[in-house]
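Peer 1: For reference, the structure I am asking about is given below.
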Amino acid sequence: MFVEPRSGRLAAWGNALLAGLVSPDDAVVAIVGDDAVHRVEGLPDESAPVGLTLALGRLRALGVSGLRVALPAPGHPLGLSGPPEFNARALEAEEAVVCHGAAFGLVPEVYEAGPEGDVHVEVVWHCLQVRQAPPADVPSLGEAERELAEALREATEVLTRLDVAASGPVAEAAIDAYRARAERGREVLAPGYPPRAARVLELAQRVGALISLAGAKGHGGAVSASEMAARSEALRPVERTARRAQVAAYNSVVEERERGMR
């Protein structure tokens with residue numbers, strides 16, 4: 001099922017903290033979520049990993065004024081600006097946070113231990129140098145919203161054509177779980193984000209949930225290897241649109257601030 005990227009939580013609540021709209025404690029609680037702990041490794045003048053509260057304060061002192069999200073995939077460096085070392089680490093993690101105002105980026109590394117149902121998760125964010133340049137392939141909120149509306153229609157048509165019915169007990173349970181999570185996470189974008197950004201992110205997550213449902217083996221009639229491959233190929237442009245929209249939503253406060261300064 002669709003999972004919210006950790007980079008999204010870090011950017012959203014980090015931006016709220018940098019804007020003075022939430023306390024450090026509230027920001028860290030929201031960023032960590034269900035994980036056990038988050039630390040940041042590689043900060044200038046720090047020889048060991050430090051906690052999120054100290055790390056966010058140190059980044060602000062280093063000149064960071066905003067945080068952007070990158071959600072790259074093979075052949076699609078979405079939100080990245082280089083250099084190659086950072087891009088490669090971000091691509092491996094499938095996500096990253098790129099700082100605005102100072103040339104740093106953060107890539108998560110996730111450590112899990114324990115039995116199913118009682119997994120202990122720790123996250124280390126690796127702080128690396130980045131190139132200060134426009135992020136790759138990030139649309140405006142308006143563009144993202146228009147593209148998503150079409151993508152949602154396309155996803156529905158593709159699932160119907162491939163006999164991946166969004167019905168039945170398993171599918172209904174998955175959609176209900178997504179809706180419940182969406183209700184609990186109404187402030188996933190944190191204070192300071194425009195309503196349109198929240199609307200775009202919610203729709204992008206809905207599309208992402210449908211794609212995740214389609215990728216779960218056993219839903220609908222497409223169960224052979226060739227049919228699974230056809231399903232994946234048909235939904236790839238839709239998944240790309242959903243990722244672009246997520247990045248546009250998470251990055252919207254930084255983009256608005258940049259436009260206001262021009």
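Scheme for the structure tokens: letters A, B, ... for chains in order shown; per-chain residue numbers from 1; ligand numbers from 1 in order shown.
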Considering only C-alpha atoms, return as a list in words whatever protein or nucleic-acid residues lie within 10 Å of Leu59 in chain A, sequence-local ones (same chain, fewer than 4 positions apart) excluded.

Peer 2: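 Within the cut-off, the hits are Leu18, Leu43, Pro44, Leu54, Ala55, Gly63, Val64, Ser65, Gly66, Cys99, Gly101, Ala102 and Phe104 of chain A.
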
Peer 1: Emit the selected residues as a PDB file, in the first residue's frame, including N, CA and C atoms.

Peer 2:
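part_29.pdb written:
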ATOM      1  N   LEU A  18      11.313  25.995  10.359  1.00  0.00           N
ATOM      2  CA  LEU A  18      12.149  27.098   9.881  1.00  0.00           C
ATOM      3  C   LEU A  18      11.368  28.404   9.780  1.00  0.00           C
ATOM      4  N   LEU A  43      26.978  16.181   9.336  1.00  0.00           N
ATOM      5  CA  LEU A  43      26.855  17.634   9.439  1.00  0.00           C
ATOM      6  C   LEU A  43      28.230  18.261   9.654  1.00  0.00           C
ATOM      7  N   PRO A  44      28.484  19.448   9.097  1.00  0.00           N
ATOM      8  CA  PRO A  44      29.761  20.118   9.340  1.00  0.00           C
ATOM      9  C   PRO A  44      30.038  20.286  10.828  1.00  0.00           C
ATOM     10  N   LEU A  54      18.822  19.024  17.145  1.00  0.00           N
ATOM     11  CA  LEU A  54      20.115  19.686  16.972  1.00  0.00           C
ATOM     12  C   LEU A  54      20.429  19.856  15.494  1.00  0.00           C
ATOM     13  N   ALA A  55      20.146  18.846  14.690  1.00  0.00           N
ATOM     14  CA  ALA A  55      20.478  18.908  13.265  1.00  0.00           C
ATOM     15  C   ALA A  55      19.723  20.027  12.558  1.00  0.00           C
ATOM     16  N   GLY A  63      22.598  28.452   7.238  1.00  0.00           N
ATOM     17  CA  GLY A  63      21.982  29.234   6.167  1.00  0.00           C
ATOM     18  C   GLY A  63      20.802  28.593   5.488  1.00  0.00           C
ATOM     19  N   VAL A  64      20.401  27.411   5.929  1.00  0.00           N
ATOM     20  CA  VAL A  64      19.257  26.739   5.303  1.00  0.00           C
ATOM     21  C   VAL A  64      17.975  27.488   5.650  1.00  0.00           C
ATOM     22  N   SER A  65      17.220  27.858   4.627  1.00  0.00           N
ATOM     23  CA  SER A  65      15.968  28.601   4.834  1.00  0.00           C
ATOM     24  C   SER A  65      14.742  27.818   4.374  1.00  0.00           C
ATOM     25  N   GLY A  66      14.949  26.670   3.749  1.00  0.00           N
ATOM     26  CA  GLY A  66      13.830  25.855   3.298  1.00  0.00           C
ATOM     27  C   GLY A  66      14.306  24.474   2.905  1.00  0.00           C
ATOM     28  N   CYS A  99      18.359  20.998   0.594  1.00  0.00           N
ATOM     29  CA  CYS A  99      18.246  22.246   1.335  1.00  0.00           C
ATOM     30  C   CYS A  99      18.247  23.453   0.403  1.00  0.00           C
ATOM     31  N   GLY A 101      19.112  27.515   0.349  1.00  0.00           N
ATOM     32  CA  GLY A 101      19.843  28.529   1.088  1.00  0.00           C
ATOM     33  C   GLY A 101      21.248  28.104   1.461  1.00  0.00           C
ATOM     34  N   ALA A 102      21.536  26.817   1.409  1.00  0.00           N
ATOM     35  CA  ALA A 102      22.868  26.273   1.659  1.00  0.00           C
ATOM     36  C   ALA A 102      22.980  24.962   0.891  1.00  0.00           C
ATOM     37  N   PHE A 104      23.401  21.758   0.882  1.00  0.00           N
ATOM     38  CA  PHE A 104      23.372  20.467   1.571  1.00  0.00           C
ATOM     39  C   PHE A 104      22.149  19.673   1.130  1.00  0.00           C
TER      40      PHE A 104
END

Peer 1: Within 9 Å of Glu145 in chain A, counting only C-alpha atoms, which residues show up once you throw out same-chain ones fewer than 5 positions away? Write them as a count of residues only, please.

Peer 2: 8

Peer 1: What does the distance from CA of Arg39 in chain A to CA of Glu109 in chain A come to in Å, to one decimal?

Peer 2: 10.0 Å

Peer 1: Assign secondary structure with DSSP using the backbone only, and return the residues of range 59-96 of chain A in helix (DSSP H, G or I) as a PyMOL selection string.

Peer 2: chain A and resi 59-61+84-93

Peer 1: Produce a file of the selected residues containing N, CA, C and O atoms, as a compact mmCIF listing (two decimals), in the first residue's frame.

Peer 2:
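Once everything was written out, this is part_6.txt:
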# COMPACT_ATOMS: atom_id res chain seq x y z
N LEU A 59 21.42 23.24 10.74
CA LEU A 59 21.20 23.57 9.34
C LEU A 59 20.72 25.01 9.18
O LEU A 59 21.15 25.72 8.28
N ARG A 60 19.84 25.43 10.08
CA ARG A 60 19.39 26.82 10.04
C ARG A 60 20.57 27.77 10.24
O ARG A 60 20.70 28.78 9.53
N ALA A 61 21.45 27.46 11.19
CA ALA A 61 22.62 28.31 11.44
C ALA A 61 23.56 28.33 10.25
O ALA A 61 24.29 29.31 10.03
N PRO A 84 26.77 14.03 -9.01
CA PRO A 84 26.46 12.61 -9.22
C PRO A 84 26.45 11.77 -7.95
O PRO A 84 25.63 10.87 -7.81
N GLU A 85 27.37 12.03 -7.01
CA GLU A 85 27.41 11.23 -5.79
C GLU A 85 26.10 11.35 -5.01
O GLU A 85 25.53 10.35 -4.56
N PHE A 86 25.63 12.58 -4.86
CA PHE A 86 24.37 12.77 -4.14
C PHE A 86 23.21 12.15 -4.92
O PHE A 86 22.34 11.48 -4.33
N ASN A 87 23.18 12.36 -6.22
CA ASN A 87 22.10 11.79 -7.04
C ASN A 87 22.05 10.28 -6.92
O ASN A 87 20.98 9.68 -6.83
N ALA A 88 23.24 9.64 -6.91
CA ALA A 88 23.28 8.18 -6.83
C ALA A 88 22.75 7.69 -5.47
O ALA A 88 21.99 6.71 -5.42
N ARG A 89 23.12 8.38 -4.40
CA ARG A 89 22.63 7.99 -3.07
C ARG A 89 21.12 8.19 -2.98
O ARG A 89 20.39 7.36 -2.42
N ALA A 90 20.64 9.30 -3.53
CA ALA A 90 19.21 9.58 -3.50
C ALA A 90 18.43 8.57 -4.34
O ALA A 90 17.34 8.13 -3.94
N LEU A 91 18.98 8.21 -5.49
CA LEU A 91 18.31 7.23 -6.34
C LEU A 91 18.22 5.87 -5.65
O LEU A 91 17.21 5.18 -5.73
N GLU A 92 19.28 5.49 -4.94
CA GLU A 92 19.27 4.22 -4.22
C GLU A 92 18.19 4.22 -3.12
O GLU A 92 17.49 3.24 -2.91
N ALA A 93 18.05 5.36 -2.43
CA ALA A 93 17.04 5.47 -1.37
C ALA A 93 15.66 5.78 -1.93
O ALA A 93 14.67 5.67 -1.20

Peer 1: Looking only at the backbone, which of the residues in range 39-175 of chain A does DSSP tag as strand (DSSP E), as a VMD selection string?

Peer 2: chain A and resid 39 to 41 50 to 51 66 to 70 96 to 100 104 to 113 120 to 129

Peer 1: Excluding same-chain residues fewer than 6 positions from Asp137 in chain A, what lies within 9 Å of it counting only C-alpha atoms, as a list in words?

Peer 2: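 The residues satisfying every condition are His76, Pro77, Leu78, Gly79, Leu80 and Arg244 of chain A.
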
Peer 1: Let me make sure I understand: among A:Ala16, A:Pro135, A:Val124, A:Asp118, which one has the smallest atom-to-atom distance to Val32 in chain A if we use only C-alpha atoms?

Peer 2: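 Answer, going by the shortest atom-to-atom distance: A:Val124.
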
Peer 1: For each of A:Glu233, A:Asp34, A:Asp26, A:Glu143, take the minimum atom-to-atom distance to Ala249 in chain A, counting only C-alpha atoms, then give the residue where this is smallest.

Peer 2: A:Glu143

Peer 1: Taking into account only C-alpha atoms, which residue in the set A:Val110, A:Leu56, A:Val119, A:Val40 is nearest to Asp25 in chain A?

Peer 2: A:Leu56

Peer 1: Using only C-alpha atoms, which of the listed residues (A:Glu112, A:Glu202, A:Glu258, A:Glu157) sits closest to Leu189 in chain A?

Peer 2: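 Under the stated criterion, the closest residue is A:Glu202.
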